[in-house]
$ cat structure_18.cif   # mmCIF, C-alpha atoms
data_final
loop_
_atom_site.label_atom_id
_atom_site.label_comp_id
_atom_site.auth_asym_id
_atom_site.auth_seq_id
_atom_site.Cartn_x
_atom_site.Cartn_y
_atom_site.Cartn_z
CA MET J 1 96.20 -278.58 -24.18
CA ASP J 2 95.85 -275.47 -26.35
CA LYS J 3 92.64 -273.61 -25.43
CA LYS J 4 91.59 -273.46 -29.07
CA TYR J 5 91.11 -277.23 -28.99
CA ILE J 6 88.72 -277.25 -26.02
CA ARG J 7 85.64 -276.96 -28.26
CA PRO J 8 86.81 -279.69 -30.67
CA MET J 9 87.45 -281.99 -27.71
CA ILE J 10 83.93 -281.37 -26.40
CA ILE J 11 82.50 -282.23 -29.83
CA ILE J 12 84.56 -285.44 -30.02
CA VAL J 13 83.42 -286.48 -26.55
CA LEU J 14 79.77 -285.79 -27.44
CA VAL J 15 80.10 -287.83 -30.64
CA GLN J 16 81.27 -290.89 -28.70
CA PHE J 17 78.58 -290.36 -26.08
CA PHE J 18 75.82 -290.39 -28.70
CA VAL J 19 77.33 -293.39 -30.49
CA MET J 20 77.20 -295.40 -27.26
CA VAL J 21 73.71 -294.10 -26.45
CA GLY J 22 72.66 -295.50 -29.82
CA PHE J 23 74.41 -298.79 -29.12
CA GLY J 24 72.78 -299.15 -25.72
CA ILE J 25 69.37 -297.75 -26.59
CA VAL J 26 68.35 -300.95 -28.40
CA ILE J 27 69.32 -303.33 -25.57
CA PRO J 28 66.07 -303.19 -23.51
CA ILE J 29 63.74 -303.44 -26.53
CA LEU J 30 65.75 -305.76 -28.77
CA PRO J 31 64.44 -309.14 -27.52
CA TYR J 32 60.85 -307.91 -27.85
CA LEU J 33 61.46 -306.34 -31.26
CA VAL J 34 63.07 -309.47 -32.67
CA GLN J 35 60.27 -311.62 -31.26
CA ASP J 36 57.67 -309.24 -32.68
CA LEU J 37 59.23 -309.68 -36.14
CA GLY J 38 59.15 -313.47 -35.84
CA GLY J 39 62.74 -314.01 -34.77
CA ASN J 40 64.29 -316.36 -32.22
CA ALA J 41 67.38 -316.58 -30.02
CA PHE J 42 69.63 -317.22 -33.04
CA SER J 43 68.44 -314.13 -34.92
CA LEU J 44 68.79 -312.09 -31.73
CA GLY J 45 72.43 -313.19 -31.41
CA LEU J 46 73.00 -312.48 -35.10
CA PHE J 47 71.60 -308.98 -34.71
CA MET J 48 73.90 -308.25 -31.77
CA SER J 49 77.03 -309.74 -33.35
CA ALA J 50 76.54 -308.11 -36.78
CA TYR J 51 77.49 -304.71 -35.35
CA SER J 52 80.76 -305.89 -33.76
CA ILE J 53 81.70 -308.08 -36.73
CA MET J 54 81.50 -305.12 -39.10
CA GLN J 55 83.48 -302.98 -36.67
CA PHE J 56 86.18 -305.66 -36.57
CA PHE J 57 86.65 -305.51 -40.34
CA PHE J 58 86.11 -301.80 -41.00
CA ALA J 59 87.73 -299.96 -38.06
CA PRO J 60 91.24 -300.43 -39.58
CA PHE J 61 89.95 -299.21 -42.98
CA TRP J 62 88.55 -295.98 -41.54
CA GLY J 63 91.67 -295.44 -39.44
CA ARG J 64 93.90 -295.76 -42.50
CA LEU J 65 91.62 -293.47 -44.49
CA SER J 66 91.85 -290.80 -41.79
CA ASP J 67 95.66 -290.98 -42.08
CA ARG J 68 95.35 -290.33 -45.81
CA ILE J 69 92.55 -287.79 -46.26
CA GLY J 70 92.28 -286.34 -42.74
CA ARG J 71 90.33 -286.86 -39.53
CA ARG J 72 87.55 -284.39 -40.25
CA PRO J 73 86.00 -285.97 -43.39
CA VAL J 74 86.09 -289.49 -41.92
CA LEU J 75 84.39 -288.24 -38.74
CA MET J 76 81.69 -286.55 -40.83
CA ILE J 77 81.08 -289.80 -42.70
CA GLY J 78 80.86 -291.73 -39.44
CA ILE J 79 78.52 -289.30 -37.68
CA SER J 80 76.13 -288.80 -40.59
CA GLY J 81 76.10 -292.48 -41.61
CA TYR J 82 75.48 -293.56 -38.03
CA GLY J 83 72.57 -291.15 -37.60
CA LEU J 84 70.95 -292.07 -40.91
CA THR J 85 71.15 -295.83 -40.29
CA PHE J 86 69.40 -295.43 -36.94
CA ILE J 87 66.61 -293.39 -38.49
CA LEU J 88 66.33 -296.11 -41.15
CA PHE J 89 65.90 -298.67 -38.36
CA GLY J 90 62.69 -296.95 -37.32
CA PHE J 91 61.06 -297.55 -40.71
CA ILE J 92 61.99 -301.24 -41.06
CA HIS J 93 59.59 -304.04 -40.20
CA ASN J 94 61.47 -306.97 -41.71
CA LEU J 95 63.83 -308.95 -39.46
CA TRP J 96 66.54 -309.75 -42.01
CA LEU J 97 66.54 -306.24 -43.42
CA LEU J 98 66.88 -304.99 -39.85
CA ILE J 99 69.94 -307.20 -39.33
CA ALA J 100 71.43 -305.95 -42.62
CA VAL J 101 71.00 -302.32 -41.54
CA ARG J 102 72.50 -303.19 -38.14
CA ALA J 103 75.56 -304.47 -39.99
CA LEU J 104 75.67 -301.28 -42.08
CA SER J 105 75.47 -299.26 -38.87
CA GLY J 106 78.50 -301.17 -37.58
CA VAL J 107 80.38 -300.31 -40.76
CA VAL J 108 79.82 -296.55 -40.56
CA SER J 109 79.96 -296.21 -36.77
CA SER J 110 83.41 -297.83 -36.75
CA ALA J 111 84.66 -294.66 -38.44
CA THR J 112 84.09 -292.62 -35.29
CA LEU J 113 86.13 -294.20 -32.48
CA PRO J 114 89.61 -294.74 -34.01
CA THR J 115 89.34 -291.42 -35.85
CA SER J 116 88.25 -289.59 -32.70
CA MET J 117 91.18 -291.07 -30.81
CA ALA J 118 93.57 -290.14 -33.62
CA TYR J 119 92.13 -286.61 -33.65
CA LEU J 120 92.81 -286.17 -29.93
CA ALA J 121 96.25 -287.74 -30.30
CA ASP J 122 97.04 -285.09 -32.93
CA ILE J 123 96.32 -282.24 -30.51
CA THR J 124 97.59 -283.62 -27.18
CA GLU J 125 100.77 -284.97 -25.66
CA GLY J 126 101.83 -286.81 -22.51
CA ALA J 127 99.34 -286.91 -19.64
CA ASP J 128 96.92 -284.70 -21.59
CA ARG J 129 96.69 -287.41 -24.24
CA SER J 130 95.83 -290.10 -21.70
CA LYS J 131 93.35 -287.72 -20.08
CA SER J 132 91.67 -287.09 -23.43
CA MET J 133 91.44 -290.84 -24.10
CA GLY J 134 89.92 -291.14 -20.64
CA MET J 135 87.34 -288.50 -21.51
CA ILE J 136 86.31 -290.59 -24.52
CA GLY J 137 86.02 -293.65 -22.30
CA ALA J 138 83.99 -291.69 -19.76
CA ALA J 139 81.64 -290.43 -22.47
CA MET J 140 81.16 -293.96 -23.78
CA GLY J 141 80.50 -295.21 -20.26
CA LEU J 142 77.85 -292.53 -19.73
CA GLY J 143 76.33 -293.45 -23.08
CA MET J 144 75.97 -297.05 -21.93
CA VAL J 145 74.30 -295.82 -18.73
CA PHE J 146 71.80 -293.52 -20.46
CA GLY J 147 71.27 -295.57 -23.63
CA PRO J 148 69.46 -298.57 -22.09
CA ALA J 149 67.49 -296.28 -19.77
CA ILE J 150 66.29 -294.13 -22.69
CA GLY J 151 65.55 -297.21 -24.78
CA GLY J 152 63.49 -298.83 -22.04
CA TRP J 153 61.53 -295.65 -21.41
CA LEU J 154 60.82 -294.77 -25.05
CA GLY J 155 60.23 -298.39 -26.07
CA HIS J 156 57.00 -298.52 -24.06
CA SER J 157 55.20 -296.43 -26.67
CA SER J 158 56.82 -297.78 -29.83
CA PHE J 159 59.78 -299.92 -30.84
CA SER J 160 60.60 -297.38 -33.55
CA THR J 161 60.82 -294.33 -31.26
CA PRO J 162 64.21 -295.16 -29.62
CA PHE J 163 65.80 -295.59 -33.07
CA PHE J 164 64.47 -292.25 -34.32
CA VAL J 165 65.68 -290.49 -31.16
CA ALA J 166 69.17 -292.04 -31.41
CA GLY J 167 69.46 -291.05 -35.08
CA ILE J 168 68.27 -287.50 -34.51
CA LEU J 169 70.66 -287.03 -31.57
CA ALA J 170 73.58 -288.16 -33.75
CA LEU J 171 72.62 -285.90 -36.65
CA ALA J 172 72.07 -282.97 -34.26
CA ILE J 173 75.78 -282.99 -33.41
CA LEU J 174 76.78 -282.88 -37.11
CA PRO J 175 76.40 -279.08 -37.63
CA PHE J 176 78.55 -278.43 -34.56
CA ALA J 177 81.18 -280.88 -35.83
CA LEU J 178 81.21 -279.14 -39.21
CA ALA J 179 81.58 -275.74 -37.54
CA PHE J 180 84.02 -276.49 -34.73
CA LEU J 181 86.21 -279.45 -35.81
CA PRO J 182 89.22 -278.16 -37.75
CA GLU J 183 91.43 -280.64 -39.55
CA THR J 184 94.36 -281.75 -37.35
CA LEU J 185 96.27 -284.25 -39.48
CA LYS J 186 98.59 -281.61 -40.91
CA GLN J 187 99.50 -280.58 -37.35
CA SER J 188 100.85 -284.02 -36.49
CA SER J 189 104.54 -284.62 -35.93
CA THR J 190 107.03 -285.42 -38.68
CA PRO J 191 105.87 -288.26 -40.95
CA THR J 192 107.25 -291.69 -40.42
CA ASP J 193 107.96 -294.48 -42.89
CA LYS J 194 106.57 -297.08 -40.47
CA LYS J 195 104.38 -299.51 -42.40
CA ILE J 196 101.20 -300.69 -40.68
CA PRO J 197 100.27 -304.22 -41.75
CA HIS J 198 96.71 -305.09 -42.72
CA LEU J 199 94.67 -307.60 -40.74
CA GLY J 200 96.05 -311.08 -41.45
CA LEU J 201 99.17 -313.04 -40.59
CA GLU J 202 101.39 -310.07 -41.36
CA ILE J 203 99.87 -308.19 -38.43
CA THR J 204 102.10 -310.28 -36.16
CA LYS J 205 105.07 -308.32 -37.56
CA ASP J 206 103.68 -305.03 -36.26
CA THR J 207 105.62 -303.74 -33.26
CA LEU J 208 102.28 -303.03 -31.59
CA PHE J 209 100.99 -306.59 -32.01
CA PRO J 210 101.45 -307.46 -28.28
CA LEU J 211 99.32 -304.43 -27.39
CA TYR J 212 96.67 -305.47 -29.92
CA VAL J 213 96.54 -308.95 -28.34
CA PHE J 214 96.32 -307.42 -24.88
CA ASN J 215 93.38 -305.27 -26.03
CA PHE J 216 91.65 -308.38 -27.36
CA ILE J 217 92.11 -310.21 -24.03
CA ASN J 218 90.84 -307.20 -22.08
CA SER J 219 87.78 -306.82 -24.32
CA PHE J 220 87.16 -310.59 -24.33
CA THR J 221 87.24 -310.72 -20.52
CA MET J 222 84.93 -307.71 -20.24
CA ALA J 223 82.46 -309.29 -22.68
CA MET J 224 82.43 -312.55 -20.68
CA PHE J 225 81.71 -310.55 -17.53
CA GLU J 226 78.89 -308.55 -19.15
CA THR J 227 77.32 -311.70 -20.60
CA THR J 228 77.32 -313.84 -17.46
CA PHE J 229 77.22 -311.45 -14.50
CA ALA J 230 73.42 -311.13 -14.37
CA MET J 231 73.04 -314.92 -14.21
CA LEU J 232 75.81 -315.27 -11.62
CA ALA J 233 74.38 -312.49 -9.43
CA ALA J 234 70.93 -314.06 -9.63
CA VAL J 235 72.32 -317.39 -8.43
CA LYS J 236 74.57 -315.95 -5.70
CA VAL J 237 72.44 -313.21 -4.13
CA GLY J 238 69.09 -313.24 -5.95
CA PHE J 239 69.63 -310.18 -8.16
CA GLY J 240 66.75 -309.20 -10.45
CA PRO J 241 66.46 -306.56 -13.22
CA LYS J 242 66.18 -303.68 -10.74
CA GLU J 243 69.36 -304.66 -8.85
CA MET J 244 71.21 -305.24 -12.12
CA GLY J 245 70.19 -301.84 -13.44
CA THR J 246 71.41 -300.18 -10.26
CA THR J 247 74.69 -302.10 -10.32
CA PHE J 248 75.48 -301.20 -13.92
CA ALA J 249 74.57 -297.57 -13.24
CA ILE J 250 77.10 -297.59 -10.37
CA LEU J 251 79.72 -299.15 -12.67
CA GLY J 252 79.06 -296.46 -15.27
CA ILE J 253 79.54 -293.71 -12.70
CA VAL J 254 82.77 -295.33 -11.45
CA GLY J 255 84.06 -295.49 -15.03
CA VAL J 256 83.29 -291.81 -15.56
CA ILE J 257 85.05 -290.78 -12.33
CA VAL J 258 88.20 -292.79 -13.06
CA GLN J 259 88.49 -292.09 -16.78
CA GLY J 260 87.15 -288.56 -16.78
CA GLY J 261 88.66 -287.25 -13.55
CA LEU J 262 91.62 -289.27 -12.33
CA ILE J 263 93.53 -290.60 -15.34
CA GLY J 264 95.37 -287.38 -16.22
CA ARG J 265 96.72 -286.96 -12.68
CA LEU J 266 97.68 -290.62 -12.33
CA VAL J 267 99.53 -290.68 -15.66
CA LYS J 268 101.59 -287.66 -14.61
CA ARG J 269 102.66 -289.55 -11.49
CA VAL J 270 103.34 -293.08 -12.72
CA GLY J 271 102.93 -293.22 -16.51
CA ASP J 272 100.62 -295.14 -18.84
CA ALA J 273 102.38 -298.53 -18.76
CA LYS J 274 102.28 -298.84 -14.97
CA LEU J 275 98.61 -297.89 -14.94
CA VAL J 276 97.85 -300.59 -17.52
CA LYS J 277 99.54 -303.17 -15.28
CA ALA J 278 97.78 -301.86 -12.17
CA GLY J 279 94.48 -302.06 -14.03
CA VAL J 280 95.08 -305.70 -14.88
CA PHE J 281 95.64 -306.60 -11.24
CA PHE J 282 92.52 -304.69 -10.19
CA CYS J 283 90.50 -306.55 -12.85
CA ALA J 284 91.86 -309.97 -11.90
CA PHE J 285 91.30 -309.36 -8.20
CA GLY J 286 87.78 -308.08 -8.90
CA LEU J 287 86.88 -311.17 -10.94
CA ILE J 288 87.99 -313.55 -8.20
CA PHE J 289 86.39 -311.39 -5.51
CA ILE J 290 83.08 -311.62 -7.41
CA LEU J 291 83.17 -315.39 -7.01
CA LEU J 292 84.00 -315.19 -3.30
CA ALA J 293 81.59 -312.37 -2.38
CA PRO J 294 79.12 -313.66 0.26
CA ASN J 295 76.48 -310.91 0.03
CA ILE J 296 75.11 -308.06 -2.08
CA ILE J 297 77.39 -305.35 -0.67
CA THR J 298 80.62 -307.28 -1.25
CA LEU J 299 79.42 -308.40 -4.69
CA VAL J 300 78.83 -304.81 -5.79
CA LEU J 301 82.19 -303.81 -4.26
CA ALA J 302 83.88 -306.57 -6.26
CA THR J 303 82.32 -305.34 -9.51
CA VAL J 304 83.44 -301.78 -8.67
CA ILE J 305 87.04 -303.02 -8.23
CA PHE J 306 86.80 -304.78 -11.58
CA MET J 307 85.48 -301.61 -13.25
CA VAL J 308 88.23 -299.46 -11.71
CA GLY J 309 90.77 -301.80 -13.30
CA ASN J 310 89.09 -301.69 -16.69
CA SER J 311 88.83 -297.90 -16.50
CA LEU J 312 92.59 -297.68 -15.85
CA ILE J 313 93.40 -299.98 -18.77
CA THR J 314 91.28 -298.54 -21.57
CA PRO J 315 92.57 -294.94 -21.96
CA THR J 316 96.19 -295.69 -21.04
CA SER J 317 96.55 -298.60 -23.48
CA SER J 318 95.08 -296.38 -26.23
CA ALA J 319 97.60 -293.68 -25.34
CA LEU J 320 100.46 -296.22 -25.61
CA VAL J 321 99.34 -297.01 -29.17
CA THR J 322 99.64 -293.36 -30.17
CA LYS J 323 103.14 -293.10 -28.69
CA GLN J 324 104.37 -295.66 -31.22
CA SER J 325 102.51 -294.05 -34.13
CA ILE J 326 103.06 -290.65 -35.65
CA ARG J 327 101.40 -290.27 -39.04
CA SER J 328 99.89 -293.75 -38.72
CA GLN J 329 97.87 -293.07 -35.58
CA GLY J 330 94.54 -293.64 -37.32
CA ALA J 331 95.60 -296.98 -38.80
CA SER J 332 97.11 -298.25 -35.55
CA LEU J 333 94.11 -297.19 -33.48
CA GLY J 334 91.81 -298.76 -36.07
CA ILE J 335 93.56 -302.13 -35.71
CA PHE J 336 93.62 -301.69 -31.93
CA GLN J 337 89.84 -301.21 -31.90
CA SER J 338 89.40 -304.07 -34.35
CA PHE J 339 90.98 -306.46 -31.86
CA ALA J 340 88.60 -305.10 -29.19
CA SER J 341 85.67 -305.83 -31.52
CA LEU J 342 86.92 -309.39 -31.95
CA GLY J 343 86.89 -309.76 -28.17
CA ARG J 344 83.30 -308.49 -28.07
CA ILE J 345 82.34 -311.04 -30.75
CA LEU J 346 83.93 -314.08 -29.09
CA GLY J 347 83.50 -313.12 -25.43
CA PRO J 348 79.72 -313.59 -25.17
CA VAL J 349 79.77 -316.93 -27.02
CA ILE J 350 82.68 -318.46 -25.10
CA GLY J 351 81.67 -316.86 -21.80
CA GLY J 352 78.18 -318.31 -22.09
CA ALA J 353 79.53 -321.76 -22.94
CA LEU J 354 81.97 -321.69 -20.01
CA PHE J 355 79.24 -320.53 -17.65
CA GLY J 356 77.15 -323.50 -18.75
CA LEU J 357 79.98 -325.84 -17.74
CA ALA J 358 80.67 -324.14 -14.40
CA VAL J 359 79.58 -320.68 -13.27
CA GLN J 360 83.09 -319.86 -12.00
CA LEU J 361 84.91 -320.57 -15.28
CA PRO J 362 84.43 -317.23 -17.12
CA TYR J 363 85.83 -315.35 -14.12
CA VAL J 364 88.73 -317.65 -13.30
CA ILE J 365 89.78 -317.95 -16.94
CA GLY J 366 89.38 -314.19 -17.46
CA ALA J 367 91.64 -313.44 -14.49
CA ILE J 368 94.25 -315.99 -15.66
CA LEU J 369 94.25 -314.61 -19.21
CA LEU J 370 94.71 -311.02 -18.06
CA LEU J 371 97.50 -311.81 -15.62
CA SER J 372 99.31 -314.15 -18.05
CA THR J 373 99.15 -311.63 -20.88
CA VAL J 374 100.48 -308.72 -18.85
CA LEU J 375 103.28 -310.89 -17.44
CA ILE J 376 104.28 -311.90 -20.96
CA VAL J 377 104.14 -308.42 -22.52
CA GLY J 378 104.94 -306.37 -19.42
CA ARG J 379 108.41 -305.33 -20.58
CA ARG J 380 107.07 -304.44 -24.01
CA LEU J 381 104.50 -302.16 -22.40
CA ASP J 382 107.34 -300.31 -20.67
CA SER J 383 109.08 -299.86 -24.02
CA TYR J 384 105.93 -298.34 -25.55
CA GLU J 385 105.95 -295.71 -22.81
CA VAL J 386 108.96 -293.90 -24.26
CA GLY J 387 107.40 -293.72 -27.74
#
$ encode --input "structure_18.cif" --output "structure tokens"
Amino acid sequence: MDKKYIRPMIIIVLVQFFVMVGFGIVIPILPYLVQDLGGNAFSLGLFMSAYSIMQFFFAPFWGRLSDRIGRRPVLMIGISGYGLTFILFGFIHNLWLLIAVRALSGVVSSATLPTSMAYLADITEGADRSKSMGMIGAAMGLGMVFGPAIGGWLGHSSFSTPFFVAGILALAILPFALAFLPETLKQSSTPTDKKIPHLGLEITKDTLFPLYVFNFINSFTMAMFETTFAMLAAVKVGFGPKEMGTTFAILGIVGVIVQGGLIGRLVKRVGDAKLVKAGVFFCAFGLIFILLAPNIITLVLATVIFMVGNSLITPTSSALVTKQSIRSQGASLGIFQSFASLGRILGPVIGGALFGLAVQLPYVIGAILLLSTVLIVGRRLDSYEVG
């Protein structure tokens, strides 16, 4: 990568870190906040899903807009809108207004991820591109480690404090983004006439549709795991909040090591497509191993194997999207992230229902879906590799 882009890359990584800190910072206090405002389990679920639902619909819009007017202005909109909505959270004491602002936060925050990925795709190639996507994934993983910890700590004094802190952190990065993020769209390769379909039935005509579906399955499986693992671990080995916090901290660190430190080297050796396939087999093995693990040590080891697989999949599948898109990188990445949001919407609901039928079902079905999907689209993944 050109040295002049080191600072922009650092800014992009920080943006995604703070976005995920803001996402995770509400997790420890949310049940208590909703209850304090007179809500119930339904309103809690609505609050959580509103964010992902808005991201599902608006990520493609922001991606397309970044292809038209540039990455820089869309990123500024996303960063500033995200920070302001979180500060607004701190002043609200009405449950339904809080849910509405949560939805608005999902709308504006969805401008950051596909545009950030498109920005890095503009300035990188080959293994450097996969490495940069891995850095984004690592930053997001760290954000999900620190976010809940900060939220739990600050939430002791006031429910409003974590929201104010998240908003201020996001806005604090804005001056640096304005100063050090040059526009990159004009530096992309030669324009292409490739038409990117909108969400709807016509999306099936997109050459990247198999990769979109794969991203949905991967996100869906991850969401089922996140939703049910605490209950499964409690039943199997007696995990409580302390053990769960430690386990997820370990998973976050593993994600950072793989995505932030190893991806670039691995891509140079074997390529993105093979790493995606390897990641699927790690994930499937990890899910089944979780069910078979007889004690705490093997259970944590199984979750680490699962996380290694997910950390291999996420940056390399994103890189494959950019290899099929030239001037349409923002739009393609927006749709790609939209399918991930759909997985995060449906995964918790279906995973919880399956767990209620039999605790093994979310894990067995997740493993089967991942393996089946990669077997079906495996050859297509290889074709994406060549761009």
$ residues_around --input "structure_18.cif" --residues "stretch 335-345 of chain J" --least-positions-apart "3" --cutoff "6 Å" --atoms "only C-alpha atoms" --output "list in words"
Ser52, Phe56, Ala59, Pro60, Tyr212, Asn215, Phe216, Ser219, Phe220, Ala223 and Ser332 of chain J
$ resolve_selection --input "structure_18.cif" --expression "the PyMOL selection byres ((chain J and resi 99) around 10)" --output "NGL selection string"
:J and (34 or 43-44 or 46-51 or 89 or 94-98 or 100-105)
$ atom_distance --input "structure_18.cif" --atom1 "atom CA of J:Ile368" --atom2 "atom CA of J:Ala284"
7.5 Å
$ closest_residue --input "structure_18.cif" --among "J:Leu120, J:Ile150, J:Ile87, J:Val280" --to "J:Thr221" --atoms "all atoms listed in the file"
J:Val280
$ residues_around --input "structure_18.cif" --residues "stretch 354-363 of chain J" --least-positions-apart "4" --cutoff "8 Å" --atoms "all atoms listed in the file" --output "number ranges by chain"
J: 221, 224-225, 228, 232, 287-288, 291, 350, 367
$ closest_residue --input "structure_18.cif" --among "J:Ile79, J:Val300, J:Leu333, J:Ala278" --to "J:Phe229" --atoms "all atoms listed in the file"
J:Val300
$ atom_distance --input "structure_18.cif" --atom1 "atom CA of J:Arg265" --atom2 "atom CA of J:Ser132"
11.9 Å
